[in-house]
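Colleague: What follows is final_28.csv, made up of CSV, C-alpha atoms:
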```
chain,number,residue,atom,x,y,z
A,32,MET,CA,33.6,-3.2,3.4
A,33,ASN,CA,30.5,-1.5,4.8
A,34,LEU,CA,29.8,-1.2,8.5
A,35,LEU,CA,27.1,-3.9,8.6
A,36,ALA,CA,29.3,-6.5,6.8
A,37,GLU,CA,32.1,-5.6,9.3
A,38,LYS,CA,29.8,-6.1,12.3
A,39,LEU,CA,28.4,-9.4,11.0
A,40,GLN,CA,31.6,-11.0,9.7
A,41,LYS,CA,32.1,-13.1,12.8
A,42,TYR,CA,28.4,-14.4,12.6
A,43,HIS,CA,26.5,-16.8,10.5
A,44,VAL,CA,23.3,-14.8,9.7
A,45,ILE,CA,19.9,-16.5,9.6
A,46,LEU,CA,16.7,-15.0,8.3
A,47,GLY,CA,13.8,-16.7,10.1
A,48,SER,CA,11.1,-15.9,7.6
A,49,ALA,CA,9.5,-17.7,4.6
A,50,SER,CA,8.7,-14.3,2.9
A,51,ALA,CA,10.3,-13.9,-0.5
A,52,ARG,CA,10.1,-10.1,-0.1
A,53,ARG,CA,12.0,-10.2,3.2
A,54,LYS,CA,14.7,-12.4,1.6
A,55,GLU,CA,15.0,-9.9,-1.3
A,56,LEU,CA,15.2,-7.0,1.2
A,57,LEU,CA,17.9,-8.5,3.4
A,58,ALA,CA,19.8,-9.5,0.3
A,59,GLY,CA,19.7,-5.8,-0.7
A,60,LEU,CA,21.9,-5.0,2.4
A,61,ASP,CA,24.7,-7.0,0.7
A,62,ILE,CA,25.2,-9.6,3.5
A,63,PRO,CA,25.3,-13.4,3.1
A,64,PHE,CA,22.6,-15.3,5.0
A,65,GLU,CA,20.6,-18.5,5.2
A,66,VAL,CA,16.8,-18.7,5.4
A,67,ARG,CA,15.5,-21.0,8.1
A,68,VAL,CA,11.8,-21.3,8.9
A,69,LYS,CA,10.0,-23.0,11.8
A,70,GLU,CA,6.3,-23.2,12.4
A,71,THR,CA,5.4,-21.0,15.3
A,72,ASN,CA,2.2,-20.9,17.3
A,73,GLU,CA,1.6,-17.2,17.2
A,74,PHE,CA,-0.1,-15.9,20.2
A,75,VAL,CA,-1.7,-12.5,20.2
A,76,ASP,CA,-1.6,-10.8,23.6
A,77,LYS,CA,-5.0,-8.9,23.7
A,78,SER,CA,-3.6,-6.4,26.2
A,79,LEU,CA,-1.2,-5.0,23.5
A,80,ALA,CA,-2.0,-2.0,21.3
A,81,LEU,CA,-2.3,-3.0,17.6
A,82,GLU,CA,1.1,-1.3,16.9
A,83,GLU,CA,2.8,-3.6,19.5
A,84,ILE,CA,1.6,-6.9,18.1
A,85,PRO,CA,4.1,-7.4,15.2
A,86,GLN,CA,7.0,-6.9,17.5
A,87,SER,CA,5.6,-9.4,19.9
A,88,ILE,CA,5.1,-12.0,17.1
A,89,ALA,CA,8.6,-11.4,15.8
A,90,GLU,CA,9.8,-12.1,19.3
A,91,GLN,CA,7.8,-15.4,19.4
A,92,LYS,CA,9.3,-16.4,16.0
A,93,PHE,CA,12.7,-15.6,17.4
A,94,ALA,CA,12.1,-17.7,20.5
A,95,ALA,CA,10.9,-20.6,18.5
A,96,LEU,CA,14.3,-20.8,16.6
A,97,ILE,CA,16.6,-20.2,19.7
A,98,PRO,CA,16.9,-24.0,20.5
A,99,ASP,CA,18.4,-24.6,17.0
A,100,LEU,CA,21.0,-21.8,17.2
A,101,THR,CA,24.7,-22.2,17.7
A,102,ASP,CA,26.9,-19.5,19.5
A,103,ASN,CA,27.9,-17.7,16.3
A,104,ASP,CA,24.4,-17.6,14.7
A,105,PHE,CA,22.8,-14.2,14.3
A,106,LEU,CA,19.0,-14.5,13.8
A,107,ILE,CA,16.6,-12.0,12.3
A,108,THR,CA,12.8,-12.5,12.5
A,109,ALA,CA,10.0,-10.1,11.6
A,110,ASP,CA,6.2,-9.8,11.4
A,111,THR,CA,4.1,-7.2,9.5
A,112,LEU,CA,0.6,-6.0,10.3
A,113,VAL,CA,-1.7,-3.8,8.2
A,114,PHE,CA,-4.4,-1.9,10.0
A,115,CYS,CA,-6.9,0.9,9.2
A,116,GLY,CA,-8.4,2.6,12.2
A,117,ASP,CA,-9.0,-0.2,14.7
A,118,ARG,CA,-9.5,-2.8,12.1
A,119,VAL,CA,-6.7,-5.3,11.5
A,120,ILE,CA,-6.4,-6.3,7.8
A,121,GLY,CA,-4.9,-9.8,7.8
A,122,LYS,CA,-4.2,-12.2,4.9
A,123,PRO,CA,-7.2,-13.0,2.7
A,124,LYS,CA,-8.6,-16.5,2.7
A,125,THR,CA,-10.4,-16.3,-0.6
A,126,LYS,CA,-10.5,-14.1,-3.7
A,127,GLN,CA,-13.7,-12.6,-2.4
A,128,ASP,CA,-11.9,-11.7,0.9
A,129,ALA,CA,-9.1,-10.1,-1.1
A,130,PHE,CA,-11.5,-8.1,-3.2
A,131,GLU,CA,-13.3,-6.8,-0.1
A,132,MET,CA,-10.0,-5.9,1.6
A,133,ILE,CA,-8.7,-3.9,-1.3
A,134,ARG,CA,-12.1,-2.2,-1.8
A,135,PHE,CA,-12.0,-1.3,1.9
A,136,LEU,CA,-8.5,0.2,1.6
A,137,SER,CA,-9.3,2.0,-1.6
A,138,GLY,CA,-9.3,5.8,-1.3
A,139,LYS,CA,-8.1,5.6,2.3
A,140,LYS,CA,-4.9,5.9,4.4
A,141,HIS,CA,-3.8,2.8,6.3
A,142,ILE,CA,-0.9,1.9,8.6
A,143,VAL,CA,1.7,-0.8,8.1
A,144,VAL,CA,3.8,-1.8,11.1
A,145,THR,CA,6.7,-4.3,11.0
A,146,GLY,CA,8.2,-5.7,14.1
A,147,VAL,CA,11.7,-7.1,14.0
A,148,CYS,CA,13.7,-9.2,16.5
A,149,TYR,CA,17.4,-9.7,16.1
A,150,GLY,CA,20.4,-11.1,17.9
A,151,THR,CA,22.1,-14.2,19.1
A,152,LYS,CA,20.9,-17.2,21.2
A,153,ASN,CA,22.1,-15.4,24.4
A,154,HIS,CA,21.1,-11.9,23.7
A,155,HIS,CA,18.5,-10.3,21.4
A,156,LYS,CA,16.6,-7.1,20.9
A,157,ALA,CA,13.5,-5.9,19.1
A,158,PHE,CA,12.0,-2.8,17.6
A,159,ARG,CA,9.1,-1.7,15.3
A,160,CYS,CA,8.7,0.6,12.4
A,161,LYS,CA,5.5,2.3,11.2
A,162,SER,CA,4.6,3.7,7.8
A,163,GLN,CA,1.4,5.3,6.5
A,164,VAL,CA,0.1,4.3,3.0
A,165,THR,CA,-2.5,6.3,1.0
A,166,PHE,CA,-4.4,4.3,-1.7
A,167,SER,CA,-6.1,6.2,-4.5
A,168,GLU,CA,-9.7,5.2,-5.4
A,169,ILE,CA,-9.4,1.9,-7.3
A,170,CYS,CA,-12.4,0.8,-9.4
A,171,ASP,CA,-13.8,-2.7,-9.1
A,172,GLN,CA,-12.5,-3.7,-12.6
A,173,ASP,CA,-8.9,-2.9,-11.6
A,174,ILE,CA,-9.3,-4.7,-8.2
A,175,SER,CA,-10.5,-7.8,-10.0
A,176,TYR,CA,-7.7,-7.6,-12.6
A,177,TYR,CA,-5.1,-7.4,-9.8
A,178,ILE,CA,-6.5,-10.3,-7.8
A,179,GLU,CA,-6.9,-12.6,-10.8
A,180,LYS,CA,-3.4,-11.9,-12.1
A,181,TYR,CA,-1.4,-11.5,-8.9
A,182,LYS,CA,-3.3,-13.8,-6.4
A,183,PRO,CA,-2.2,-11.8,-3.3
A,184,MET,CA,-3.4,-14.5,-0.8
A,185,ASP,CA,-0.1,-14.6,1.0
A,186,LYS,CA,-0.1,-10.9,1.7
A,187,ALA,CA,-1.4,-8.9,4.7
A,188,GLY,CA,-4.0,-6.4,3.3
A,189,ALA,CA,-4.2,-8.5,0.1
A,190,TYR,CA,-1.7,-6.3,-1.7
A,191,GLY,CA,2.0,-6.1,-2.5
A,192,VAL,CA,3.4,-2.6,-2.7
A,193,GLN,CA,6.0,-3.8,-5.2
A,194,GLU,CA,3.3,-5.2,-7.6
A,195,TRP,CA,1.0,-3.7,-10.2
A,196,ILE,CA,-1.5,-2.4,-7.6
A,197,GLY,CA,1.3,-0.7,-5.7
A,198,TYR,CA,2.4,1.0,-9.0
A,199,MET,CA,-1.0,2.2,-10.1
A,200,GLY,CA,-2.8,2.6,-6.8
A,201,ILE,CA,-0.5,4.0,-4.1
A,202,GLU,CA,-0.7,7.8,-4.0
A,203,LYS,CA,1.9,8.3,-1.3
A,204,ILE,CA,3.8,6.8,1.5
A,205,LYS,CA,4.8,8.6,4.7
A,206,GLY,CA,7.7,6.6,6.1
A,207,SER,CA,9.8,3.7,4.8
A,208,TYR,CA,8.7,2.0,1.5
A,209,TYR,CA,10.7,-1.1,2.4
A,210,ASN,CA,8.9,-1.3,5.8
A,211,VAL,CA,5.7,-1.6,3.8
A,212,MET,CA,7.3,-4.4,1.7
A,213,GLY,CA,8.0,-6.2,5.0
A,214,LEU,CA,11.4,-5.2,6.5
A,215,PRO,CA,12.5,-1.8,7.6
A,216,VAL,CA,16.1,-2.3,6.3
A,217,HIS,CA,17.3,1.3,7.2
A,218,MET,CA,16.5,0.7,10.9
A,219,LEU,CA,17.8,-2.9,10.9
A,220,TYR,CA,21.1,-1.6,9.4
A,221,LYS,CA,21.6,0.9,12.2
A,222,LYS,CA,20.3,-1.4,15.0
A,223,ILE,CA,22.7,-4.2,14.0
A,224,VAL,CA,25.7,-1.9,13.6
A,225,SER,CA,25.2,-0.7,17.2
A,226,PHE,CA,24.2,-4.1,18.6
A,227,ARG,CA,26.0,-5.2,21.7
B,72,MET,CA,-8.4,-6.2,-18.6
B,73,ASN,CA,-7.4,-3.1,-16.5
B,74,LEU,CA,-8.5,0.4,-17.4
B,75,LEU,CA,-5.1,1.5,-18.6
B,76,ALA,CA,-4.7,-1.5,-21.0
B,77,GLU,CA,-8.2,-0.8,-22.3
B,78,LYS,CA,-7.4,2.9,-22.9
B,79,LEU,CA,-4.1,2.1,-24.7
B,80,GLN,CA,-5.2,-0.9,-26.8
B,81,LYS,CA,-5.6,1.2,-29.9
B,82,TYR,CA,-2.2,2.8,-29.5
B,83,HIS,CA,1.4,1.7,-30.0
B,84,VAL,CA,3.1,2.9,-26.8
B,85,ILE,CA,6.6,4.3,-26.9
B,86,LEU,CA,8.7,5.2,-23.9
B,87,GLY,CA,11.1,8.0,-24.9
B,88,SER,CA,13.7,7.3,-22.2
B,89,ALA,CA,17.0,5.4,-22.0
B,90,SER,CA,16.6,4.9,-18.2
B,91,ALA,CA,16.5,1.2,-17.2
B,92,ARG,CA,14.5,2.2,-14.1
B,93,ARG,CA,11.8,3.9,-16.1
B,94,LYS,CA,11.5,0.9,-18.4
B,95,GLU,CA,11.1,-1.3,-15.3
B,96,LEU,CA,8.5,1.0,-13.8
B,97,LEU,CA,6.4,1.3,-17.0
B,98,ALA,CA,6.6,-2.4,-17.4
B,99,GLY,CA,5.1,-2.7,-13.9
B,100,LEU,CA,1.9,-1.1,-15.2
B,101,ASP,CA,1.4,-4.3,-17.4
B,102,ILE,CA,1.3,-2.6,-20.8
B,103,PRO,CA,3.3,-3.5,-23.8
B,104,PHE,CA,5.7,-0.7,-25.1
B,105,GLU,CA,8.8,0.0,-27.2
B,106,VAL,CA,11.7,2.1,-26.0
B,107,ARG,CA,12.9,4.8,-28.4
B,108,VAL,CA,15.6,7.3,-27.5
B,109,LYS,CA,16.7,10.4,-29.4
B,110,GLU,CA,19.4,12.9,-28.4
B,111,THR,CA,17.7,16.1,-27.2
B,112,ASN,CA,19.4,19.4,-26.7
B,113,GLU,CA,18.0,20.2,-23.3
B,114,PHE,CA,17.4,23.8,-22.7
B,115,VAL,CA,16.9,25.1,-19.1
B,116,ASP,CA,14.7,28.2,-19.1
B,117,LYS,CA,16.2,30.3,-16.3
B,118,SER,CA,12.8,32.0,-15.6
B,119,LEU,CA,11.3,28.7,-14.3
B,120,ALA,CA,11.2,27.7,-10.7
B,121,LEU,CA,13.3,24.6,-10.0
B,122,GLU,CA,10.2,22.4,-9.6
B,123,GLU,CA,9.1,23.4,-13.1
B,124,ILE,CA,12.3,22.4,-14.9
B,125,PRO,CA,11.8,18.6,-15.2
B,126,GLN,CA,8.4,19.0,-16.8
B,127,SER,CA,9.9,21.5,-19.3
B,128,ILE,CA,12.6,19.1,-20.2
B,129,ALA,CA,10.2,16.2,-20.5
B,130,GLU,CA,8.2,18.4,-23.0
B,131,GLN,CA,11.4,19.0,-24.9
B,132,LYS,CA,12.2,15.3,-25.1
B,133,PHE,CA,8.6,14.8,-26.3
B,134,ALA,CA,8.9,17.5,-29.0
B,135,ALA,CA,12.1,16.0,-30.3
B,136,LEU,CA,10.4,12.6,-31.0
B,137,ILE,CA,7.2,14.0,-32.5
B,138,PRO,CA,8.5,14.1,-36.1
B,139,ASP,CA,9.0,10.3,-35.9
B,140,LEU,CA,5.5,9.5,-34.6
B,141,THR,CA,2.7,7.9,-36.6
B,142,ASP,CA,-1.0,8.6,-35.8
B,143,ASN,CA,-1.5,5.7,-33.5
B,144,ASP,CA,1.8,6.1,-31.5
B,145,PHE,CA,1.4,7.1,-27.8
B,146,LEU,CA,4.6,8.6,-26.4
B,147,ILE,CA,5.7,9.0,-22.8
B,148,THR,CA,8.8,11.1,-21.8
B,149,ALA,CA,10.1,12.1,-18.4
B,150,ASP,CA,12.8,13.9,-16.6
B,151,THR,CA,13.9,13.8,-12.9
B,152,LEU,CA,15.6,16.5,-10.9
B,153,VAL,CA,17.0,16.3,-7.4
B,154,PHE,CA,17.4,19.4,-5.3
B,155,CYS,CA,18.1,20.4,-1.8
B,156,GLY,CA,17.2,24.0,-0.9
B,157,ASP,CA,18.1,26.0,-4.0
B,158,ARG,CA,20.9,23.7,-5.0
B,159,VAL,CA,20.3,21.4,-7.9
B,160,ILE,CA,22.0,18.0,-7.5
B,161,GLY,CA,22.8,16.7,-11.0
B,162,LYS,CA,24.6,13.6,-12.2
B,163,PRO,CA,28.1,13.2,-10.8
B,164,LYS,CA,31.0,13.4,-13.3
B,165,THR,CA,33.6,11.6,-11.2
B,166,LYS,CA,33.7,9.3,-8.1
B,167,GLN,CA,34.8,12.3,-6.1
B,168,ASP,CA,31.7,14.2,-7.3
B,169,ALA,CA,29.5,11.3,-6.3
B,170,PHE,CA,31.1,11.1,-2.9
B,171,GLU,CA,30.6,14.8,-2.2
B,172,MET,CA,27.0,14.7,-3.4
B,173,ILE,CA,26.0,11.9,-1.1
B,174,ARG,CA,27.9,13.4,1.8
B,175,PHE,CA,26.0,16.6,1.2
B,176,LEU,CA,22.6,14.8,1.1
B,177,SER,CA,23.5,12.7,4.2
B,178,GLY,CA,21.4,13.5,7.3
B,179,LYS,CA,19.2,15.9,5.3
B,180,LYS,CA,15.8,16.1,3.5
B,181,HIS,CA,15.9,16.6,-0.2
B,182,ILE,CA,13.3,16.9,-3.0
B,183,VAL,CA,12.8,14.8,-6.1
B,184,VAL,CA,10.6,16.1,-8.9
B,185,THR,CA,9.8,14.1,-12.0
B,186,GLY,CA,8.1,15.8,-15.0
B,187,VAL,CA,6.2,13.7,-17.4
B,188,CYS,CA,4.9,14.4,-20.9
B,189,TYR,CA,2.5,12.0,-22.6
B,190,GLY,CA,0.1,11.8,-25.6
B,191,THR,CA,0.1,11.6,-29.4
B,192,LYS,CA,1.7,13.5,-32.2
B,193,ASN,CA,-1.3,15.8,-32.4
B,194,HIS,CA,-2.1,16.2,-28.7
B,195,HIS,CA,-0.1,15.9,-25.6
B,196,LYS,CA,-0.2,16.9,-21.9
B,197,ALA,CA,2.3,17.2,-19.1
B,198,PHE,CA,2.4,17.1,-15.3
B,199,ARG,CA,4.9,16.9,-12.5
B,200,CYS,CA,5.2,15.0,-9.2
B,201,LYS,CA,7.2,15.9,-6.1
B,202,SER,CA,8.5,13.6,-3.3
B,203,GLN,CA,10.5,14.4,-0.2
B,204,VAL,CA,13.3,12.0,0.8
B,205,THR,CA,15.1,11.9,4.1
B,206,PHE,CA,18.6,10.4,4.3
B,207,SER,CA,20.0,9.3,7.6
B,208,GLU,CA,23.6,10.1,8.5
B,209,ILE,CA,25.8,8.0,6.3
B,210,CYS,CA,29.5,7.6,7.3
B,211,ASP,CA,32.3,8.1,4.8
B,212,GLN,CA,33.2,4.4,4.8
B,213,ASP,CA,29.6,3.5,3.7
B,214,ILE,CA,29.5,6.2,1.1
B,215,SER,CA,32.8,4.9,-0.4
B,216,TYR,CA,31.5,1.3,-0.3
B,217,TYR,CA,28.4,2.3,-2.2
B,218,ILE,CA,30.2,4.3,-4.9
B,219,GLU,CA,32.9,1.7,-5.5
B,220,LYS,CA,30.3,-1.1,-5.7
B,221,TYR,CA,27.4,0.6,-7.5
B,222,LYS,CA,29.0,3.3,-9.6
B,223,PRO,CA,26.0,5.7,-9.5
B,224,MET,CA,27.4,8.0,-12.2
B,225,ASP,CA,24.2,7.8,-14.3
B,226,LYS,CA,21.9,8.9,-11.4
B,227,ALA,CA,20.8,12.4,-10.4
B,228,GLY,CA,21.9,12.9,-6.8
B,229,ALA,CA,24.5,10.0,-7.2
B,230,TYR,CA,22.1,7.5,-5.7
B,231,GLY,CA,19.5,4.9,-6.7
B,232,VAL,CA,16.6,4.6,-4.2
B,233,GLN,CA,16.3,0.9,-5.2
B,234,GLU,CA,20.0,0.1,-4.5
B,235,TRP,CA,22.0,-0.6,-1.3
B,236,ILE,CA,22.2,3.0,-0.2
B,237,GLY,CA,18.4,3.4,-0.6
B,238,TYR,CA,18.0,0.3,1.6
B,239,MET,CA,20.4,1.3,4.4
B,240,GLY,CA,20.2,5.1,4.2
B,241,ILE,CA,16.7,6.3,3.5
B,242,GLU,CA,14.9,7.0,6.7
B,243,LYS,CA,11.6,8.1,5.1
B,244,ILE,CA,9.8,9.2,2.0
B,245,LYS,CA,6.9,11.6,1.9
B,246,GLY,CA,5.2,11.0,-1.4
B,247,SER,CA,5.7,8.4,-4.1
B,248,TYR,CA,8.6,6.0,-3.9
B,249,TYR,CA,8.3,5.3,-7.7
B,250,ASN,CA,8.5,9.0,-8.4
B,251,VAL,CA,11.9,9.0,-6.7
B,252,MET,CA,12.9,6.0,-8.8
B,253,GLY,CA,12.1,8.1,-11.9
B,254,LEU,CA,8.4,7.7,-12.9
B,255,PRO,CA,5.3,8.6,-10.9
B,256,VAL,CA,3.4,5.6,-12.2
B,257,HIS,CA,0.3,6.2,-10.0
B,258,MET,CA,-0.3,9.6,-11.5
B,259,LEU,CA,0.6,8.5,-15.0
B,260,TYR,CA,-2.0,5.7,-14.7
B,261,LYS,CA,-4.8,8.1,-13.8
B,262,LYS,CA,-3.7,10.8,-16.3
B,263,ILE,CA,-3.6,8.4,-19.3
B,264,VAL,CA,-6.9,6.7,-18.3
B,265,SER,CA,-8.6,10.2,-18.4
B,266,PHE,CA,-6.6,11.4,-21.5
B,267,ARG,CA,-8.6,13.0,-24.3
```
Rewrite the structure of this file - the entire thing - as C-alpha cells.
Modeller:
Amino acid sequence: MNLLAEKLQKYHVILGSASARRKELLAGLDIPFEVRVKETNEFVDKSLALEEIPQSIAEQKFAALIPDLTDNDFLITADTLVFCGDRVIGKPKTKQDAFEMIRFLSGKKHIVVTGVCYGTKNHHKAFRCKSQVTFSEICDQDISYYIEKYKPMDKAGAYGVQEWIGYMGIEKIKGSYYNVMGLPVHMLYKKIVSFR
Amino acid sequence: MNLLAEKLQKYHVILGSASARRKELLAGLDIPFEVRVKETNEFVDKSLALEEIPQSIAEQKFAALIPDLTDNDFLITADTLVFCGDRVIGKPKTKQDAFEMIRFLSGKKHIVVTGVCYGTKNHHKAFRCKSQVTFSEICDQDISYYIEKYKPMDKAGAYGVQEWIGYMGIEKIKGSYYNVMGLPVHMLYKKIVSFR
C-alpha cells in the first residue's frame, strides 16, 4: 500500500469538483473517492493578489460543502485561474471569446495557479501551486480548428493542456503539468500524507 | 482542417515505433497513421555526446524502414534517452533494477532527450528535444508500490510520467511534458508543417 492510501484508509474521500480533468487526476493517485458538487456563490476578494484568488475560491467551495460532511469524510476542493500579466483569462462565453483568448495567449508565456483546500469538517488546510506555460505562435486557421472541434467553453483560458492545442501549441511548461490540467497532484500527495 | 493535416493529406503516415505512448501522442495531433515496427540493430556511436544519441538512433530506426517505403509514405521514428549527470538510465531488466533506478532519480533533477527522424524515402530530417524533470523524494514503500503495480520494465528510467509515480512524484518539468512521455509533438508539428 502507498503512503497516501494508508493515510486515507480511515476516511471516505470526496472530491468537491465537477471537473472531469480533476476526477481523472485524483483517480491517478490510486485512491477511491466520490464526487460531490454544490453550487457555490464565489466571491472574489478584491484585496487579494491574483495568485491568491484560486485558493480563496477553493476555500469557499470547501466551506459550502462542510454542512454535508460526516466525521470521517475527507474533502478536497480546488480552483484554477489563468492569467497573463495583470489580465485574468476566465472561461469563454462564446466561440468568438475563445478565439480571442487563444489569439491573445499565442506566442506568449502565461501563468496557471491552482488553489486547493483539503481536510475534514473540523480541520482543513489550503495551498496553491503555480506553473508557467509558453504557447508557440498559433495561426488563426489552427485556432479555429481547435475551437470548432474541441469546444473549450468549460476551460479557463479556452484551452485544455491535454487536448490537441496542448500537443501542437505548448512549447514548454515550467512547473507541474498536472497543475495546469487542474490539480497539483504531487503537492496534494505530500500535503495529505503529512496532514494532521 | 489544421495545417498539419493539410500538409500530410497527400501522404500515408507511418509511425515506426512500438511504443503505446508514442502512438497515443501522435494520435493526439489528429492525423491518421499506421504503426509499423522493424527490429533495428541500434548502434551507439561512442564519439557522440549523450544528448546526440537519441537522434542518431531515431535515424537508424528510420533507415531500417526505408526499403519498405513507397513514394507517398511519410515515416516518423523516435528514440528517448534518460540521463542524470553522465549516467545513462536505460530500461530496467529486473524489479530490483527498477527499484534502484527510481531510488537514484528520487530527489534529483534528470534530463530526458527524445530524438525524432521524419520524412519520405527520398528525403528526411531529424531533430532532438530536451526536457528537465525534477523528482521529489520518494520513499522506499512508494517505490515498491509503483513497481509492483505498474511494472515499468519497458520504460527508460523505470518510470512513466503519465502513471502514478509521475502524478505523486514529479515536482516540476522544465520543457515539454510530451517530450518526457516520448514524443515532442509541439516540435514535430512545426517541423512537418515546414518540411520540404
Colleague: Take CA of His43 (chain A) and CA of Asp213 (chain B) and report the distance between them in Å, one decimal.
Modeller: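 One can read the CA of His43 (chain A) to CA of Asp213 (chain B) distance as 21.6 Å.
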Colleague: Contacts from chain A to chain B, 8 Å maximum, all atoms listed in the file: show me the residue list as an NGL selection string.
Modeller: :A and (32-34 or 56 or 59-61 or 172-173 or 176 or 194-195 or 198-209 or 216-218 or 220-221)
Colleague: Write the residues of the selection above to a file with C-alpha atoms, as a compact mmCIF listing (two decimals), in the coordinates of the input.
Modeller:
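And here is the file that came out, again-v3.txt:
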```txt
# COMPACT_ATOMS: atom_id res chain seq x y z
CA MET A 32 33.60 -3.20 3.40
CA ASN A 33 30.50 -1.50 4.80
CA LEU A 34 29.80 -1.20 8.50
CA LEU A 56 15.20 -7.00 1.20
CA GLY A 59 19.70 -5.80 -0.70
CA LEU A 60 21.90 -5.00 2.40
CA ASP A 61 24.70 -7.00 0.70
CA GLN A 172 -12.50 -3.70 -12.60
CA ASP A 173 -8.90 -2.90 -11.60
CA TYR A 176 -7.70 -7.60 -12.60
CA GLU A 194 3.30 -5.20 -7.60
CA TRP A 195 1.00 -3.70 -10.20
CA TYR A 198 2.40 1.00 -9.00
CA MET A 199 -1.00 2.20 -10.10
CA GLY A 200 -2.80 2.60 -6.80
CA ILE A 201 -0.50 4.00 -4.10
CA GLU A 202 -0.70 7.80 -4.00
CA LYS A 203 1.90 8.30 -1.30
CA ILE A 204 3.80 6.80 1.50
CA LYS A 205 4.80 8.60 4.70
CA GLY A 206 7.70 6.60 6.10
CA SER A 207 9.80 3.70 4.80
CA TYR A 208 8.70 2.00 1.50
CA TYR A 209 10.70 -1.10 2.40
CA VAL A 216 16.10 -2.30 6.30
CA HIS A 217 17.30 1.30 7.20
CA MET A 218 16.50 0.70 10.90
CA TYR A 220 21.10 -1.60 9.40
CA LYS A 221 21.60 0.90 12.20
```
Colleague: Taking into account all atoms listed in the file, which residue in the set B:Glu130, B:Asp225, B:Asp144, B:Glu77 is nearest to Thr111 (chain B)?
Modeller: B:Glu130
Colleague: Go through B:Gly228, B:Pro223, B:Pro163, B:Gly190 one by one, measure the shortest atom-to-atom distance of each to Val264 (chain B) using only C-alpha atoms, and give the residue with the smallest value.
Modeller: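 Among the listed residues, the smallest separation from Val264 (chain B) belongs to B:Gly190.
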Colleague: Go through B:Glu219, B:Glu122, B:Asp116, B:Glu208 and flag the residue nearest Ile173 (chain B), using only C-alpha atoms for the distances.
Modeller: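 Among the listed residues, B:Glu208 lies closest to Ile173 (chain B).
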Colleague: Quote the spacing between CA of Arg199 (chain B) and CA of Phe135 (chain A) in Å to one decimal place.
Modeller: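 Between CA of Arg199 (chain B) and CA of Phe135 (chain A) the gap is 28.7 Å.
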Colleague: Region 81-101 of chain B from the block above, C-alpha atoms, as an mmCIF file, in the first residue's frame, please?
Modeller:
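And here's part.cif as it stands now:
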```cif
data_model
loop_
_atom_site.group_PDB
_atom_site.id
_atom_site.type_symbol
_atom_site.label_atom_id
_atom_site.label_comp_id
_atom_site.auth_asym_id
_atom_site.auth_seq_id
_atom_site.Cartn_x
_atom_site.Cartn_y
_atom_site.Cartn_z
ATOM 1 C CA LYS B 81 -1.088 13.578 -49.834
ATOM 2 C CA TYR B 82 0.936 11.152 -47.686
ATOM 3 C CA HIS B 83 0.322 7.858 -45.940
ATOM 4 C CA VAL B 84 1.779 8.424 -42.471
ATOM 5 C CA ILE B 85 3.684 5.635 -40.703
ATOM 6 C CA LEU B 86 4.821 5.703 -37.088
ATOM 7 C CA GLY B 87 7.871 3.453 -36.827
ATOM 8 C CA SER B 88 7.614 2.753 -33.101
ATOM 9 C CA ALA B 89 6.183 0.024 -30.894
ATOM 10 C CA SER B 90 5.597 2.462 -28.020
ATOM 11 C CA ALA B 91 1.974 2.770 -26.906
ATOM 12 C CA ARG B 92 2.749 6.268 -25.547
ATOM 13 C CA ARG B 93 4.067 7.469 -28.917
ATOM 14 C CA LYS B 94 1.016 6.067 -30.652
ATOM 15 C CA GLU B 95 -1.219 7.958 -28.238
ATOM 16 C CA LEU B 96 0.779 11.178 -28.663
ATOM 17 C CA LEU B 97 0.770 11.110 -32.462
ATOM 18 C CA ALA B 98 -2.962 10.313 -32.393
ATOM 19 C CA GLY B 99 -3.379 13.477 -30.291
ATOM 20 C CA LEU B 100 -2.263 15.523 -33.312
ATOM 21 C CA ASP B 101 -5.474 14.357 -35.074
#
```
